[in-house]
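Raw contents of data-v7.tsv, TSV, C-alpha atoms:
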```
chain	number	residue	atom	x	y	z
Q	5	MET	CA	33.41	115.45	216.22
Q	6	GLY	CA	35.13	114.70	212.91
Q	7	PHE	CA	36.39	111.15	213.00
Q	8	GLY	CA	35.13	110.65	216.52
Q	9	CYS	CA	38.44	111.55	218.22
Q	10	HIS	CA	38.69	113.04	221.69
Q	11	PRO	CA	38.00	116.86	221.71
Q	12	TRP	CA	41.32	117.34	223.57
Q	13	THR	CA	43.22	116.76	220.31
Q	14	ARG	CA	41.67	119.87	218.76
Q	15	CYS	CA	43.18	121.96	221.53
Q	16	HIS	CA	46.49	120.16	221.34
Q	17	PRO	CA	47.37	119.67	217.63
Q	18	GLU	CA	50.68	118.09	218.48
Q	19	ALA	CA	48.76	115.12	219.84
Q	20	ALA	CA	47.01	114.50	216.53
Q	21	THR	CA	49.97	112.72	215.04
Q	22	TRP	CA	49.80	109.93	217.59
Q	23	SER	CA	46.09	109.99	218.40
Q	24	PHE	CA	44.82	109.81	214.79
Q	25	TRP	CA	45.78	106.17	214.06
Q	26	PRO	CA	44.07	104.65	217.09
Q	27	CYS	CA	40.88	106.24	215.80
Q	28	LEU	CA	41.18	104.40	212.46
Q	29	GLY	CA	42.97	101.25	213.57
Q	30	SER	CA	46.57	100.17	212.91
Q	31	PRO	CA	47.85	100.32	209.27
Q	32	SER	CA	48.73	96.60	209.29
Q	33	ALA	CA	45.20	95.65	210.32
Q	34	ASP	CA	43.72	97.85	207.58
Q	35	THR	CA	46.02	96.27	204.98
Q	36	LYS	CA	45.10	92.76	206.05
Q	37	GLY	CA	41.43	93.63	205.94
Q	38	LEU	CA	41.77	95.08	202.44
Q	39	ILE	CA	43.64	92.02	201.20
Q	40	SER	CA	41.04	89.70	202.72
Q	41	TYR	CA	38.27	91.69	201.05
Q	42	VAL	CA	39.96	91.56	197.65
Q	43	VAL	CA	40.60	87.81	197.94
Q	44	THR	CA	36.99	87.15	198.94
Q	45	LYS	CA	35.65	89.24	196.07
Q	46	THR	CA	38.02	87.58	193.59
Q	47	LYS	CA	36.88	84.11	194.67
Q	48	MET	CA	33.26	85.19	194.36
Q	49	ILE	CA	33.76	86.56	190.84
Q	50	HIS	CA	35.77	83.49	189.87
Q	51	GLY	CA	32.97	81.22	191.08
Q	52	LYS	CA	30.33	83.19	189.15
Q	53	TYR	CA	32.49	83.00	186.02
Q	54	HIS	CA	32.80	79.22	186.37
Q	55	ARG	CA	29.06	78.80	186.83
Q	56	PHE	CA	28.38	81.02	183.82
Q	57	LEU	CA	30.69	78.95	181.60
Q	58	SER	CA	29.34	75.62	182.86
Q	59	ARG	CA	25.73	76.69	182.14
Q	60	HIS	CA	26.12	78.44	178.79
Q	61	PHE	CA	29.27	76.83	177.31
Q	62	PRO	CA	29.54	73.33	178.86
Q	63	ARG	CA	31.95	71.88	176.26
Q	64	PHE	CA	34.25	74.88	176.45
Q	65	TYR	CA	34.08	74.79	180.25
Q	66	VAL	CA	35.41	71.22	180.29
Q	67	LEU	CA	38.41	72.28	178.20
Q	68	TYR	CA	38.88	75.42	180.29
Q	69	ALA	CA	38.81	73.46	183.56
Q	70	VAL	CA	41.30	70.89	182.24
Q	71	PHE	CA	43.60	73.66	180.99
Q	72	MET	CA	43.58	75.53	184.31
Q	73	LYS	CA	44.17	72.34	186.26
Q	74	GLY	CA	46.98	71.43	183.86
Q	75	LEU	CA	48.71	74.75	184.49
Q	76	GLN	CA	48.53	74.17	188.24
Q	77	MET	CA	49.96	70.66	187.88
Q	78	LEU	CA	52.76	71.85	185.58
Q	79	TRP	CA	53.66	74.64	188.01
Q	80	ALA	CA	53.72	72.18	190.90
Q	81	ASP	CA	55.96	69.83	188.87
Q	82	ALA	CA	58.31	72.71	188.06
Q	83	LYS	CA	58.66	73.66	191.72
Q	84	LYS	CA	59.31	70.04	192.72
Q	85	ALA	CA	61.90	69.60	189.96
Q	86	ARG	CA	63.62	72.78	191.12
Q	87	ARG	CA	63.76	71.52	194.70
Q	88	ILE	CA	65.27	68.21	193.56
Q	89	ARG	CA	67.92	69.92	191.41
Q	90	THR	CA	68.77	72.36	194.20
Q	91	ASN	CA	69.25	69.45	196.59
Q	92	MET	CA	71.41	67.65	194.01
Q	93	ARG	CA	73.72	70.67	193.69
Q	94	LYS	CA	73.80	71.32	197.41
Q	95	HIS	CA	74.78	67.76	198.35
Q	96	ASN	CA	76.63	66.84	195.13
Q	97	ILE	CA	74.18	64.05	194.29
Q	98	LYS	CA	74.18	62.38	190.87
Q	99	PHE	CA	71.01	61.41	189.00
Q	100	HIS	CA	71.41	57.68	189.62
Q	101	GLN	CA	71.77	58.33	193.38
Q	102	LEU	CA	68.30	59.85	193.69
Q	103	SER	CA	65.28	57.96	194.96
Q	104	TYR	CA	63.01	56.28	192.41
Q	105	ARG	CA	60.28	58.93	192.60
Q	106	GLU	CA	62.77	61.79	192.27
Q	107	MET	CA	64.44	60.17	189.25
Q	108	GLU	CA	61.11	59.48	187.58
Q	109	HIS	CA	59.89	63.03	188.26
Q	110	LEU	CA	62.96	64.60	186.65
Q	111	ARG	CA	62.79	62.24	183.67
Q	112	GLN	CA	59.13	62.97	182.98
Q	113	PHE	CA	59.43	66.70	183.67
Q	114	ARG	CA	62.32	66.98	181.20
Q	115	ARG	CA	60.18	65.42	178.46
Q	116	ASP	CA	57.17	67.58	179.33
Q	117	VAL	CA	59.20	70.79	179.28
Q	118	THR	CA	60.75	69.90	175.93
Q	119	LYS	CA	57.29	69.52	174.41
Q	120	PHE	CA	55.99	72.65	176.15
Q	121	LEU	CA	58.94	74.76	175.01
Q	122	PHE	CA	58.19	73.85	171.40
Q	123	LEU	CA	54.80	75.54	171.78
Q	124	GLY	CA	56.48	78.59	173.26
Q	125	ILE	CA	58.90	78.88	170.37
Q	126	ILE	CA	56.28	78.68	167.62
Q	127	SER	CA	54.13	81.26	169.42
Q	128	ILE	CA	56.88	83.93	169.41
Q	129	PRO	CA	56.01	85.59	166.05
Q	130	PRO	CA	53.36	88.38	166.23
Q	131	PHE	CA	49.79	87.05	166.41
Q	132	ALA	CA	51.10	83.47	166.21
Q	133	ASN	CA	49.66	82.72	169.64
Q	134	TYR	CA	46.14	82.69	168.16
Q	135	LEU	CA	47.23	80.06	165.66
Q	136	VAL	CA	48.90	78.08	168.46
Q	137	PHE	CA	45.65	77.97	170.46
Q	138	LEU	CA	43.85	76.66	167.38
Q	139	LEU	CA	46.51	74.01	166.82
Q	140	MET	CA	46.34	73.00	170.49
Q	141	TYR	CA	42.58	72.50	170.14
Q	142	LEU	CA	42.89	70.53	166.87
Q	143	PHE	CA	45.98	68.46	167.78
Q	144	PRO	CA	46.03	68.01	171.57
Q	145	ARG	CA	47.85	64.67	171.44
Q	146	GLN	CA	50.75	65.99	169.37
Q	147	LEU	CA	51.15	69.41	171.00
Q	148	LEU	CA	49.97	69.11	174.60
Q	149	ILE	CA	51.44	67.19	177.51
Q	150	LYS	CA	49.30	64.80	179.55
Q	151	HIS	CA	48.45	67.49	182.14
Q	152	PHE	CA	46.17	69.11	179.56
Q	153	TRP	CA	44.38	65.95	178.41
Q	154	THR	CA	40.88	65.08	179.52
Q	155	PRO	CA	40.46	61.65	181.22
Q	156	LYS	CA	38.99	60.22	178.01
Q	157	GLN	CA	41.77	61.70	175.91
Q	158	HIS	CA	44.33	60.23	178.28
Q	159	ILE	CA	43.10	56.69	177.64
Q	160	ASP	CA	42.55	57.20	173.91
Q	161	PHE	CA	45.95	58.81	173.33
Q	162	LEU	CA	47.84	56.13	175.25
Q	163	ASP	CA	46.09	53.51	173.10
Q	164	ILE	CA	47.12	55.38	169.94
Q	165	TYR	CA	50.75	55.59	171.05
Q	166	ASP	CA	50.78	51.93	172.01
Q	167	ALA	CA	49.31	50.89	168.65
Q	168	ALA	CA	52.05	52.90	166.91
Q	169	ARG	CA	54.87	51.25	168.82
Q	170	LYS	CA	53.38	47.79	168.38
Q	171	GLN	CA	53.68	48.22	164.62
Q	172	SER	CA	57.45	47.99	165.00
Q	173	HIS	CA	57.39	44.73	166.98
Q	174	PRO	CA	57.33	42.30	163.99
Q	175	GLU	CA	60.17	44.22	162.37
Q	176	ILE	CA	62.28	43.99	165.54
Q	177	ILE	CA	61.63	40.24	165.82
Q	178	SER	CA	62.66	39.81	162.17
Q	179	TYR	CA	65.99	41.53	162.91
Q	180	LEU	CA	66.52	39.09	165.78
Q	181	GLU	CA	65.93	36.19	163.37
Q	182	ARG	CA	68.47	37.62	160.96
Q	183	ALA	CA	71.00	37.70	163.79
Q	184	ILE	CA	70.66	33.96	164.48
Q	185	PRO	CA	73.13	32.79	161.77
Q	186	LEU	CA	75.59	35.48	162.86
Q	187	THR	CA	75.68	34.21	166.46
Q	188	SER	CA	78.78	32.07	167.01
Q	189	ASP	CA	77.62	30.08	170.03
Q	190	THR	CA	75.43	27.07	169.15
Q	191	GLY	CA	73.50	27.18	172.42
Q	192	LEU	CA	72.70	30.88	171.99
Q	193	ARG	CA	71.53	30.25	168.42
Q	194	TRP	CA	69.12	27.59	169.67
Q	195	HIS	CA	67.79	29.79	172.51
Q	196	LEU	CA	67.31	32.79	170.19
Q	197	THR	CA	65.51	30.67	167.58
Q	198	ASP	CA	63.24	29.17	170.25
Q	199	LEU	CA	62.46	32.61	171.72
Q	200	CYS	CA	61.56	34.17	168.36
Q	201	THR	CA	59.34	31.17	167.50
Q	202	LYS	CA	57.47	31.39	170.80
Q	203	ILE	CA	56.81	35.11	170.44
Q	204	GLN	CA	55.59	34.70	166.86
Q	205	ASN	CA	53.25	31.93	168.05
Q	206	GLY	CA	51.72	34.16	170.74
Q	207	VAL	CA	53.53	32.68	173.76
Q	208	HIS	CA	54.70	34.92	176.61
Q	209	PRO	CA	58.34	33.99	177.37
Q	210	ALA	CA	59.55	33.21	180.87
Q	211	VAL	CA	62.15	35.34	182.62
Q	212	HIS	CA	64.82	32.62	182.51
Q	213	GLU	CA	64.33	32.19	178.76
Q	214	ILE	CA	65.14	35.85	178.17
Q	215	LEU	CA	68.05	35.93	180.63
Q	216	ALA	CA	69.58	32.92	178.86
Q	217	LEU	CA	70.31	35.30	175.97
Q	218	ARG	CA	72.05	38.04	177.96
Q	219	GLU	CA	75.45	37.15	176.48
Q	220	CYS	CA	73.95	37.37	173.00
Q	221	PHE	CA	72.93	41.00	173.57
Q	222	GLY	CA	76.28	41.95	175.09
Q	223	ASN	CA	78.28	41.02	171.97
Q	224	PRO	CA	77.93	41.24	168.17
Q	225	PRO	CA	75.62	41.18	166.34
Q	226	LEU	CA	73.03	42.40	168.91
Q	227	GLY	CA	75.23	44.52	171.18
Q	228	MET	CA	74.32	48.18	171.48
Q	229	ASN	CA	77.31	49.28	169.39
Q	230	GLN	CA	76.60	46.77	166.61
Q	231	LEU	CA	72.93	47.58	165.91
Q	232	GLN	CA	72.16	48.59	162.32
Q	233	ALA	CA	70.51	51.88	161.36
Q	234	LEU	CA	67.14	50.37	160.37
Q	235	GLN	CA	67.19	48.25	163.50
Q	236	MET	CA	67.73	51.34	165.66
Q	237	LYS	CA	64.88	53.16	163.91
Q	238	ALA	CA	62.51	50.29	164.71
Q	239	LEU	CA	63.68	50.19	168.33
Q	240	SER	CA	63.24	53.96	168.59
Q	241	ARG	CA	59.63	53.66	167.48
Q	242	ALA	CA	59.10	50.90	170.05
Q	243	MET	CA	60.43	53.27	172.73
Q	244	LEU	CA	58.25	56.15	171.48
Q	245	LEU	CA	61.36	58.08	170.42
Q	246	THR	CA	61.72	59.85	167.11
Q	247	PRO	CA	63.43	57.65	164.48
Q	248	TYR	CA	64.21	60.63	162.23
Q	249	LEU	CA	67.79	61.19	163.34
Q	250	PRO	CA	71.21	60.26	161.89
Q	251	PRO	CA	72.44	56.81	163.04
Q	252	PRO	CA	75.05	58.18	165.50
Q	253	LEU	CA	72.42	60.32	167.22
Q	254	LEU	CA	69.94	57.42	167.22
Q	255	ARG	CA	72.48	55.17	168.92
Q	256	HIS	CA	73.39	57.83	171.48
Q	257	ARG	CA	69.76	58.56	172.31
Q	258	LEU	CA	68.90	54.87	172.67
Q	259	LYS	CA	71.90	54.40	174.97
Q	260	VAL	CA	70.90	57.35	177.15
Q	261	HIS	CA	67.23	56.32	177.29
Q	262	THR	CA	68.04	52.71	178.09
Q	263	THR	CA	70.59	53.70	180.75
Q	264	VAL	CA	68.00	55.93	182.46
Q	265	ILE	CA	65.46	53.10	182.50
Q	266	HIS	CA	68.08	50.73	183.91
Q	267	GLN	CA	68.89	53.24	186.67
Q	268	LEU	CA	65.18	53.65	187.39
Q	269	ASP	CA	64.85	49.86	187.61
Q	270	ARG	CA	67.61	49.60	190.21
Q	271	ALA	CA	66.06	52.39	192.26
Q	272	LEU	CA	62.62	50.79	191.99
Q	273	ALA	CA	63.96	47.39	193.06
Q	274	LYS	CA	65.48	49.09	196.11
Q	275	LEU	CA	62.18	50.84	196.92
Q	276	GLY	CA	59.97	47.83	196.23
Q	277	ILE	CA	57.02	47.54	193.84
Q	278	GLY	CA	54.68	47.25	196.82
Q	279	GLN	CA	55.45	50.86	197.75
Q	280	LEU	CA	54.07	52.21	194.46
Q	281	THR	CA	50.53	53.47	193.99
Q	282	ASP	CA	48.33	51.90	191.33
Q	283	GLN	CA	48.90	54.86	189.00
Q	284	GLU	CA	52.67	54.72	189.51
Q	285	VAL	CA	52.67	51.01	188.63
Q	286	LYS	CA	50.67	51.57	185.45
Q	287	SER	CA	52.91	54.48	184.41
Q	288	ALA	CA	56.03	52.39	185.03
Q	289	CYS	CA	54.65	49.53	182.92
Q	290	TYR	CA	53.69	51.85	180.07
Q	291	LEU	CA	57.16	53.39	179.97
Q	292	ARG	CA	58.65	49.91	179.62
Q	293	GLY	CA	56.42	48.84	176.73
Q	294	LEU	CA	53.23	47.43	178.27
Q	295	ASN	CA	49.90	49.12	177.57
Q	296	SER	CA	48.66	49.04	181.15
Q	297	THR	CA	45.52	51.14	180.60
Q	298	HIS	CA	43.33	48.04	180.15
Q	299	ILE	CA	45.15	45.58	182.44
Q	300	ALA	CA	44.29	44.93	186.08
Q	301	GLU	CA	46.60	46.48	188.65
Q	302	ASP	CA	47.75	43.14	190.12
Q	303	ARG	CA	48.67	41.87	186.66
Q	304	CYS	CA	50.66	45.05	186.07
Q	305	ARG	CA	52.59	44.48	189.29
Q	306	THR	CA	53.36	40.90	188.23
Q	307	TRP	CA	54.64	42.05	184.84
Q	308	LEU	CA	56.73	44.82	186.39
Q	309	GLY	CA	58.26	42.27	188.76
Q	310	GLU	CA	59.31	40.13	185.77
Q	311	TRP	CA	60.83	43.17	184.10
Q	312	LEU	CA	62.87	44.05	187.20
Q	313	GLN	CA	64.17	40.48	187.49
Q	314	ILE	CA	65.61	40.78	183.99
Q	315	SER	CA	66.83	44.37	184.10
Q	316	CYS	CA	68.50	44.20	187.51
Q	317	SER	CA	70.41	41.07	186.46
Q	318	LEU	CA	72.12	42.82	183.54
Q	319	LYS	CA	75.44	44.61	183.35
Q	320	GLU	CA	75.96	47.90	181.54
Q	321	ALA	CA	77.39	46.11	178.48
Q	322	GLU	CA	74.18	44.04	178.18
Q	323	LEU	CA	71.71	46.94	178.09
Q	324	SER	CA	70.73	46.09	174.53
Q	325	LEU	CA	68.61	43.35	176.11
Q	326	VAL	CA	66.73	46.00	178.14
Q	327	LEU	CA	66.03	47.76	174.86
Q	328	HIS	CA	64.74	44.61	173.16
Q	329	ASN	CA	62.88	43.55	176.29
Q	330	VAL	CA	60.31	46.26	175.51
Q	331	VAL	CA	59.19	43.90	172.73
Q	332	LEU	CA	60.10	40.49	174.12
Q	333	LEU	CA	58.25	40.84	177.43
Q	334	SER	CA	55.22	42.89	176.36
Q	335	THR	CA	54.10	41.50	173.00
Q	336	ASN	CA	52.07	38.53	174.25
Q	337	TYR	CA	51.41	39.39	177.88
Q	338	LEU	CA	47.76	38.52	178.71
Q	339	GLY	CA	46.75	38.61	175.07
Q	340	THR	CA	47.94	42.19	174.50
Q	341	ARG	CA	49.15	41.31	171.02
Q	342	ARG	CA	47.08	42.88	168.20
```
What's the structure tokens form of this structure?
Amino acid sequence: MGFGCHPWTRCHPEAATWSFWPCLGSPSADTKGLISYVVTKTKMIHGKYHRFLSRHFPRFYVLYAVFMKGLQMLWADAKKARRIRTNMRKHNIKFHQLSYREMEHLRQFRRDVTKFLFLGIISIPPFANYLVFLLMYLFPRQLLIKHFWTPKQHIDFLDIYDAARKQSHPEIISYLERAIPLTSDTGLRWHLTDLCTKIQNGVHPAVHEILALRECFGNPPLGMNQLQALQMKALSRAMLLTPYLPPPLLRHRLKVHTTVIHQLDRALAKLGIGQLTDQEVKSACYLRGLNSTHIAEDRCRTWLGEWLQISCSLKEAELSLVLHNVVLLSTNYLGTRR
């Protein structure tokens, strides 16, 4: 009977062309069945491989799992960033016109890609990729983005970065003290002296005390265009930016970074802090200078509210105060000073 077809087809060969497929099933059904089989088998093998690694190489399995999850998160971020940029081009939308979450996603993705591309460049030479994997294992904080950090590494690395930027705080306050005699207005001199004294004595300043100095940071000697080279290097370290650039590039980068934060602040004020998740609040605080990893979520929201009161009250010419506010508002908040 061959394939089990009707005997009539042997007497009528011309019917075989159309009667053969019903005997086997439609091609589309066979293809779907084959794909389903392959997917099922792949998942089964993948599960066995995971169990093998977790039993015999538990430490390596943790790193492997984090790495695979990191790749998935990075790919998802890339697709989201592409959608946002496509929508910007389609509707002629500028960066500052985006929603808060879209702006923050593009800002963070740009920094992540810059760091990730560096790894790609140094792995181009033959056999260099093996060295890159070794360097990634030995120096995960310097070479990997946060997607590839373990939960413990995430906390430890944020603490390390925060300790590094806090080292520049006394230097920045000292530059503010040096600017006191150069300030022409008597009232501003008194306010600046009082503010520096309070911070040095461990007191967290009030919002109105910082805003009283907005004119001081919009004009010489503390305006953005009047900052000295060493002063800009210290401020760059406080913002977790590289200080190893020529003064013109340092000034430009600080301007761009501060402008982006100011635009984010306006978008966040429009959205409302209450709309943010706990993780979004902590990330927003950390970007603006507060080590939020060890501070309660409600305290982080209070601090972020103070920051927005100051930032959203400033004009573009006064953005130097946003830059210095990273130090002024975070140094003594809830005993965070070290």
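Using all atoms listed in the file, the smallest distance between any of Q:Ala271, Q:Leu245, Q:Ile49, Q:Leu186 and Arg115 (chain Q) comes from Q:Leu245.
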*So which one's closest to Ser240 (chain Q), Q:Asn223, Q:Thr281, Q:Ser172, Q:Gln267? Using only C-alpha atoms, please.*
Q:Ser172
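Distances from Q:Asp166, Q:Asp302, Q:Asp81, Q:Asp34 to Thr335 (chain Q) were compared using all atoms listed in the file, and the smallest one belongs to Q:Asp166.
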*asked:* Let me make sure I understand: among Q:Leu75, Q:Leu148, Q:Val330, Q:Met92, which one has the smallest atom-to-atom distance to Ala238 (chain Q) if we use only C-alpha atoms?
replied: Q:Val330
*Excluding Arg255 (chain Q) and any residue of its chain fewer than 6 positions from it, enumerate the residues within 12 Å of it, using only C-alpha atoms, and give them as number ranges by chain.*
Q: 227-240, 245-249, 261-262, 324, 327
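Ranking Q:Leu38, Q:Leu338, Q:Leu162, Q:Val70 by their shortest atom-to-atom distance to Arg145 (chain Q), with only C-alpha atoms included, puts Q:Leu162 first.
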*asked:* Please list as a list in words every residue within 12 Å of Lys98 (chain Q), counting only C-alpha atoms and excluding residues in the same chain fewer than 6 positions away.
replied: Ile88, Arg89, Thr90, Asn91, Met92, Glu106, Met107 and Gln267 of chain Q
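Candidate residues Q:Ile203, Q:Met243, Q:Phe152, Q:Ile164 were compared for distance to Gln76 (chain Q), and the nearest is Q:Phe152, using only C-alpha atoms.
In this structure, CA of Glu175 (chain Q) sits 27.2 Å away from CA of Leu268 (chain Q).
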_Non-local contacts of Ala273 (chain Q) (12 Å; only C-alpha atoms; under 5 positions in same chain excluded) as a list in words_ = Ser103, Tyr104, His266, Gln267, Leu268, Gly278, Gln279, Leu280, Leu308, Gly309, Glu310, Trp311, Leu312, Gln313, Ile314, Ser315, Cys316 and Ser317 of chain Q
